[in-house]
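Down below is the structure, laid out as structure tokens.
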Amino acid sequence: MKPLPFPDCGSPCHASAWSRRRLLKGSVLTGIGWLTPLAQHLARSSEQSNKRPKSVIILWMEGGISQLDSFDPHPGKTIAHGAKAITTAAKNIQFGEGLPLTAELANDFAVLRSVTSKEGDHSRATYNVKTGYRPFPNLVHPSIGSIVCHGLPQADGNSRDLPSHISILPGGFPARGGYLGARYDAFQTSDPVKPIPDVSASTNGERQQRRLDSLGILEKTFSTGRLPNLESERTLHRTSVESAQRLMSSEQLAAFDVSVLPVAERESFGDSPFGRGCLAAIRLIESGVRCVEVTLRGWDTHIDNAEGQASQLAILDPALSALIRGLKARDLYEDTILLVATEFGRTPKLNLTEGRDHWPHGFSMLLGGGGLRAGIAVGETDPTGEKTDPAGAVRVEDVHTTILRRLGIDTSEEVITPIGRPIKISEGRVIQELV
Amino acid sequence: MSFSLYKAFARLIVLAMVVVAAGVFLWRHFESGSPAPLPTAKADNSLESGLVGVNIAFRKAWAEAGIEPAPEADPLTLARRLSLALTGAPPSLEEIRRLEALPQGSDPVTAWLDHLFSDRRSADYLAERFARAFVGVETGPFLVYRRRRLVNWIGDQLESNRAYDAIVRDLVTAEGLWTTRPETNFITVTLEQGGDKKGPDEMKLAGRTSRAFLGLSLDCMQCHDDMFGDRWKQSDFHQMASFFAQADMSLTGIHENRKKTYETRYLGKTDAVEVPPVVPYGSSFFDEGGNRRQQLARWITHPENAPFARAAVNRTWAILFGKPLADPVDNLPVDGPFPPGLEELAVEFTASGYDLRHLIRLIAGSDPFRRESRSGDPDKPITPEQEAGWAAFPVTPLRPEQVAGAVIQASTLQALDSHTHILQKFRRFNETQGFVKRYGDLGEKEFSGESGTIPQRLLLMNGKLVRDRTGQNPLMNASTRLSKCSPTDEAAIKAAFLAAFTRYPLPAEMEYFVASLADSKGDSRDRALTDLCWALINATEFSWNR
């Protein structure tokens with residue numbers, strides 16, 4: 001027997017079941033005064049008077065970071081299998097011993113220890129955590145970075161060449177715009193010491209211009225006799241070529257370049273592509289980019305979990321701690337929400353090869369910056385590893401709603417999807433401990 | 001079928017019995033909620049006679065809407081469309097020469113399909129396209145899911161032109177190990193690892209089955225009755241899921257375990273109840289022999305199950321045109337109305353014994369497929385009504401792997417087919433994978449493609465694949481070969497246009513590019529030809545189907 005996964009099955013039908021319109025209609029019928037337009041306006045004005053963060057950095061731990069070795073250790077218990085813990089700057093919070101630098105900053109973020117989902121497969125779980133929805137057959141949901149870029153467009157007149165959504169070291173599942181459109185897909189780039197892919201023309205200016213002139217001839221031929229709005233409404237060829245040209249010659253590309261920073265600062269992030277990605281993330285956020293995702297792969301430790309996790313934690317710890325320090329030093333931490341996320345955790349029990357398998361029944365994320373409450377741990381997992389329902393469970397969609405609402409994005413607003421059905425941007429609840 | 005029987009019976013007895021028989025039929029139809037049945041097939045199942053009905057349907061619709069069909073497309077354009085749809089790449093220069101050598105009077109569509117069906121590339125490419133509908137693109141559970149094996153198995157079935165209904169029955173009823181019985185991967189992809197669920201997931205299988213094989217999106221009914229119509233209930237979805245309840249997993253692979261039951265808690269109820277296996281419509285042609293999955297498979301593929309044929313037609317149409325006849329591809333109305341041509345094609349497909357090649361020949365031979373995507377008069381361009389009514393071939397973005405395939409094929413000149421050396425195939429595979437990852441794979445939502453993004457444009461303008469394939473490399477790209485092998489500038493330009501666009505340059509284009517090559521020699525001529533190839537690859541015409 002399996003209980004029906006209502007209301008988080010991922011179906012876009014739910015949005016219509018309890019839409020804002022229905023609630024408003026219901027409020028009128030029941031005479032609830034606080035839902036009047038005036039009250040809504042007052043509440044919105046009050047909300048807007050508070051300073052809102054405007055950017056998001058997501059550190060994506062691809063493969064499934066072990067909660068028991070990182071943010072939710074159970075030292076001395078059977079499920080720890082020898083993994084040790086260290087104290088942190090936050091009261092009553094311990095981390096795995098592989099995170100000494102991050103532990104010093106534990107009062108700068110909250111640890112979510114009871115995140116649950118229903119997905120145990122890498123691609124499905126990644127989709128779930130990145131979009132806040134479980135995979136649904138007819139619809140591709142947008143990732144959180146795409147929602148942020150859509151919900152917080154650049155102000156008019158603030159001309160920007162850089163993409164608003166960037167994925168550094170994108171791994172197997174780069175963030176997608178989904179039903180919001182491919183224009184919200186993350187721009188993918190690799191280790192910041194390498195050239196930014198695809199932005200350098202292979203020819204000089206004069207020759208490049210000749211190529212573009214030839215292109216103009218071919219486009220003219222193609223448009224003849226075809227739909228009059230083919231270019232402007234469908235192929236977008238001219239617009240995309242112009243935007244690409246502008247980006248290729250933009251001075252703003254310098255934001256990707258971390259080599260200009262002091263050596264000491266660079267070294268503090270660790271000598272790794274991921275560390276350099278975190279450093280570039282700061283510079284990109286500083287340049288006005290809305291969302292930067294940096295991926296660290298290698299957490300899928302089905303074999304020899306302890307060693308596999310330790311080696312990755314050694315990369316994560318300096319990068320994460322330096323990232324927080326860097327954002328704070330530039331006065332960006334309150335303007336930026338930082339999320340350390342993964343698709344699922346790892347099993348309390350070791351398998352025959354001393355690895356840990358996939359565990360979506362209580363895994364850890366880290367959420368900080370943006371004025372969110374810090375220095376706390378939300379939820380508790382079972383120290384015996386038997387229970388699959390952690391205390392104070394946080395659903396994946398709750399993390400999304402908390403972030404989006406903090407950014408001032410109305411998650412109850414419905415959008416009409418390409419399949420013609422209305423859907424909410426996010427269907428979770430705000431994690432009350434964080435606000 | 002039942003209707004025909006009653007009618008025959010009525011003829012033999014008396015007029016009064018006709019009324020009784022009709023009443024019985026209507027009662028059964030109402031009780032079982034049968035879908036709109038397909039019209040009766042003609043006795044003559046030849047391609048020509050099948051096309052007559054299909055084309056009449058479209059011409060009638062155009063006449064009623066007052067739409068003038070676009071001119072007929074030329075053989076090269078038709079060949080390009082077919083190669084892109086069936087191999088993921090346009091025809092090579094070598095293939096184009098072969099097409100041009102056909103005897104006068106030959107039908108280019110027939111000849112080109114004969115050529116493509118004889119090449120394993122078509123089976124492999126179509127297998128991947130169908131696999132996206134059958135199992136999606138997920139990596140799936142570790143060890144017990146082998147997608148590559150499943151795709152190869154589908155490719156084997158398509159290569160031998162096995163009937164589509166037999167393929168579907170094998171997938172639904174599959175038993176055994178995912179390695180030795182690749183079709184079982186249709187079941188094992190739904191196994192959950194690390195979750196509560198033991199064994200295959202009935203709900204995922206029900207959702208996949210209804211969409212891929214019946215063109216019905218019953219997934220929404222997983223949690224509640226249909227909110228946008230009264231046709232479907234929550235019980236319809238779960239009763240279908242119950243057919244998969246006894247699929248079980250053991251060391252010997254997938255097998256049926258008749259002890260397993262399926263329970264669910266319906267919306268608004270407090271307790272879970274055991275759900276019996278019941279088909280959502282068409283109980284009149286359901287029979288109970290064999291295990292649950294065998295029952296379901298027979299019902300899905302029963303000739304009276306019209307949605308089965310309609311779904312296959314709509315998907316195959318989408319593969320050939322870049323967009324489905326009825327959009328979205330997997331949400332067809334069960335009772336109609338249907339767009340012109342769909343019923344006619346479904347009837348022909350069913351009558352052919354679910355012969356996919358016959359279906360492809362029918363679609364490719366139809367009037368809509370043979371239309372141009374442009375008008376003959378520049379002052380009267382194609383209208384949205386013409387395109388929406390299939391009176392003009394729709395301009396759609398190529399899929400990412402088709403763009404990559406086009407870049408690679410255009411720069412190779414010889415056909416990259418089943419005879420290509422393994423190293424070249426390996427290189428092509430790696431290049432395609434790298435390109436698609438950056439361009440953005442659409443996964444199983446493959447007909448909702450967008451184009452025109454800045455990263456896509458940058459990838460085509462400056463990306464590694466285009467740079468490698470258009471740069472100075474005598475072994476691996478077209479521009480150098482064109483430079484070395486073409487006796488005149490005109491010949492080089494013609495060859496470049498054929499390789500990239502599958503057409504000859506227009507006079508204005510020829511004049512422009514001849515002028516751009518004028519007075520260039522040696523390296524400067526190579527550079528000018530490289531620039532020509534770059535411009536062709538970056539043009540809309542290259543990455544859009546037309």
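Ligands are numbered from 1 in the order shown, chains are lettered A, B, ... in the order of the structure tokens, and residues start at 1 in each chain.
Residues of chain A lying within 6 Å of chain B, counting only C-alpha atoms, are Met1, Leu4, Ser11, Gly120, Ser123, Arg183, Asp198, Ala201, Arg211, Leu215, Thr224, Gly225, Arg226, Leu227, Thr235, Leu236, His237, Ser240, Ala244, His358 and Trp359 of chain A.
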(Q) Give me the residues near Asn305 of chain A as JSON, numbers by chain, where near means some atom within 9 Å (using only C-alpha atoms) and where sequence neighbours in that chain fewer than 5 positions away do not count. (A) {"A": [66, 299, 300, 310, 350, 353, 354, 355, 356]}
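Closest approach to Ala500 of chain B among B:Ser520, B:Gln234, B:Asn161, B:Ser92: B:Ser92, based on only C-alpha atoms.
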So that I can see what lies close to segment 175-177 of chain A, please list as a PDB file with N, CA and C atoms, in the first residue's frame the residues with an atom at most 6 Å from it, counting only C-alpha atoms and leaving out residues fewer than 4 positions away in the same chain.
```pdb
ATOM      1  N   PRO A 142      10.566  25.404 -14.166  1.00  0.00           N
ATOM      2  CA  PRO A 142      11.805  26.188 -14.150  1.00  0.00           C
ATOM      3  C   PRO A 142      12.581  25.968 -12.862  1.00  0.00           C
ATOM      4  N   SER A 143      13.888  26.076 -12.968  1.00  0.00           N
ATOM      5  CA  SER A 143      14.714  25.982 -11.769  1.00  0.00           C
ATOM      6  C   SER A 143      14.587  27.286 -10.979  1.00  0.00           C
ATOM      7  N   SER A 146      15.986  30.428 -12.507  1.00  0.00           N
ATOM      8  CA  SER A 146      15.179  30.957 -13.607  1.00  0.00           C
ATOM      9  C   SER A 146      13.980  31.719 -13.066  1.00  0.00           C
ATOM     10  N   GLY A 181      10.747  29.429 -20.411  1.00  0.00           N
ATOM     11  CA  GLY A 181      11.410  29.647 -21.690  1.00  0.00           C
ATOM     12  C   GLY A 181      12.918  29.426 -21.600  1.00  0.00           C
ATOM     13  N   ALA A 182      13.482  29.030 -22.735  1.00  0.00           N
ATOM     14  CA  ALA A 182      14.922  28.735 -22.774  1.00  0.00           C
ATOM     15  C   ALA A 182      15.765  29.969 -22.492  1.00  0.00           C
ATOM     16  N   TYR A 184      15.661  31.677 -20.051  1.00  0.00           N
ATOM     17  CA  TYR A 184      15.994  31.667 -18.623  1.00  0.00           C
ATOM     18  C   TYR A 184      16.923  30.515 -18.255  1.00  0.00           C
ATOM     19  N   ASP A 185      17.342  29.726 -19.244  1.00  0.00           N
ATOM     20  CA  ASP A 185      18.356  28.691 -18.980  1.00  0.00           C
ATOM     21  C   ASP A 185      19.614  29.358 -18.441  1.00  0.00           C
ATOM     22  N   ALA A 186      20.322  28.629 -17.589  1.00  0.00           N
ATOM     23  CA  ALA A 186      21.579  29.179 -17.074  1.00  0.00           C
ATOM     24  C   ALA A 186      22.637  29.186 -18.174  1.00  0.00           C
TER      25      ALA A 186
END
```
Q: Enumerate as a ChimeraX atom specification all residues of segment 320-433 of chain A assigned to strand (DSSP E or B) by DSSP on the backbone, naming them with the chain letters and numbers the document uses.
A: /A:336-342,345-346,354,358-359,361-369,377-378,380,391,394-395,414-416,422-424
Given the selection you just returned, output its residues as a file containing C-alpha atoms, formatted as a short mmCIF file (atom, residue, chain, number, x, y, z; two decimals), in the first residue's frame.
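Result file out36.cif:
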```cif
data_model
loop_
_atom_site.label_atom_id
_atom_site.label_comp_id
_atom_site.auth_asym_id
_atom_site.auth_seq_id
_atom_site.Cartn_x
_atom_site.Cartn_y
_atom_site.Cartn_z
CA THR A 336 22.22 37.54 -1.35
CA ILE A 337 20.60 34.28 -0.32
CA LEU A 338 23.04 31.38 -0.14
CA LEU A 339 21.76 27.84 -0.56
CA VAL A 340 23.90 24.74 -0.29
CA ALA A 341 21.77 21.96 -1.73
CA THR A 342 21.95 18.39 -2.96
CA GLY A 345 21.30 12.43 1.43
CA ARG A 346 22.88 9.07 2.03
CA GLU A 354 31.19 0.45 2.91
CA HIS A 358 20.55 7.28 -1.70
CA TRP A 359 18.42 8.61 1.17
CA HIS A 361 14.08 10.71 4.02
CA GLY A 362 15.89 13.39 5.96
CA PHE A 363 18.89 15.09 4.42
CA SER A 364 20.64 18.39 4.94
CA MET A 365 20.78 21.75 3.23
CA LEU A 366 22.28 25.03 4.32
CA LEU A 367 20.48 28.33 3.92
CA GLY A 368 21.98 31.69 4.81
CA GLY A 369 22.27 35.37 3.96
CA ALA A 377 19.33 23.92 13.01
CA VAL A 378 15.88 23.07 11.71
CA GLU A 380 16.05 16.37 13.58
CA ALA A 391 11.02 15.61 13.30
CA VAL A 394 10.95 20.36 5.66
CA ARG A 395 9.75 19.54 2.17
CA GLU A 414 -0.38 31.58 -11.05
CA VAL A 415 1.15 31.39 -14.48
CA ILE A 416 -0.42 29.67 -17.45
CA PRO A 422 -2.37 27.30 -14.40
CA ILE A 423 0.39 26.59 -11.92
CA LYS A 424 1.86 28.37 -8.95
#
```
(Q) Taking the DSSP secondary structure from the backbone, can you list the residues of segment 23-220 of chain A that are helix (DSSP H, G or I), as a ChimeraX atom specification? (A) /A:23-30,33-35,37-49,78-80,100-103,106-108,122-131,144-151,178-180,182-184,205-220
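Rounded to one decimal, atom CA of Thr188 of chain B and atom CA of Met249 of chain B lie 8.4 Å from each other.
Between atom CA of Arg210 of chain A and atom CA of Thr488 of chain B there is a distance of 21.3 Å.
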Q: Pick out the residues sitting within 9 Å of Ala309 of chain B, and hand them over as number ranges by chain; count only C-alpha atoms, and ignore anything fewer than 4 positions along from it in its own chain.
A: B: 213-214, 301, 303, 305, 313-314, 343, 345-347, 349-350, 354
Q.
Quick one: residues within 8 Å of segment 238-241 of chain B, only C-alpha atoms, excluding same-chain residues fewer than 6 positions away - as a list in words?
A. Glu202, Met203, Leu205, Ala206, Gln222, Thr264, Val275, Pro276, Pro277, Val278, Val279 and Pro280 of chain B
If you keep C-alpha atoms, can you produce a file of those selected residues as a compact mmCIF listing (two decimals), in the first residue's frame?
```txt
# COMPACT_ATOMS: atom_id res chain seq x y z
CA GLU B 202 2.50 1.30 -10.83
CA MET B 203 1.64 5.00 -11.06
CA LEU B 205 3.88 2.96 -15.46
CA ALA B 206 0.22 3.92 -15.76
CA GLN B 222 -3.48 10.62 -10.04
CA THR B 264 -4.71 3.88 -2.83
CA VAL B 275 -8.10 -0.98 -6.40
CA PRO B 276 -9.07 -3.56 -9.04
CA PRO B 277 -7.60 -3.46 -12.55
CA VAL B 278 -10.19 -1.87 -14.82
CA VAL B 279 -9.62 -0.20 -18.18
CA PRO B 280 -10.68 3.47 -18.34
```
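Atom CA of Leu407 of chain A is positioned 6.1 Å from atom CA of Lys54 of chain A.
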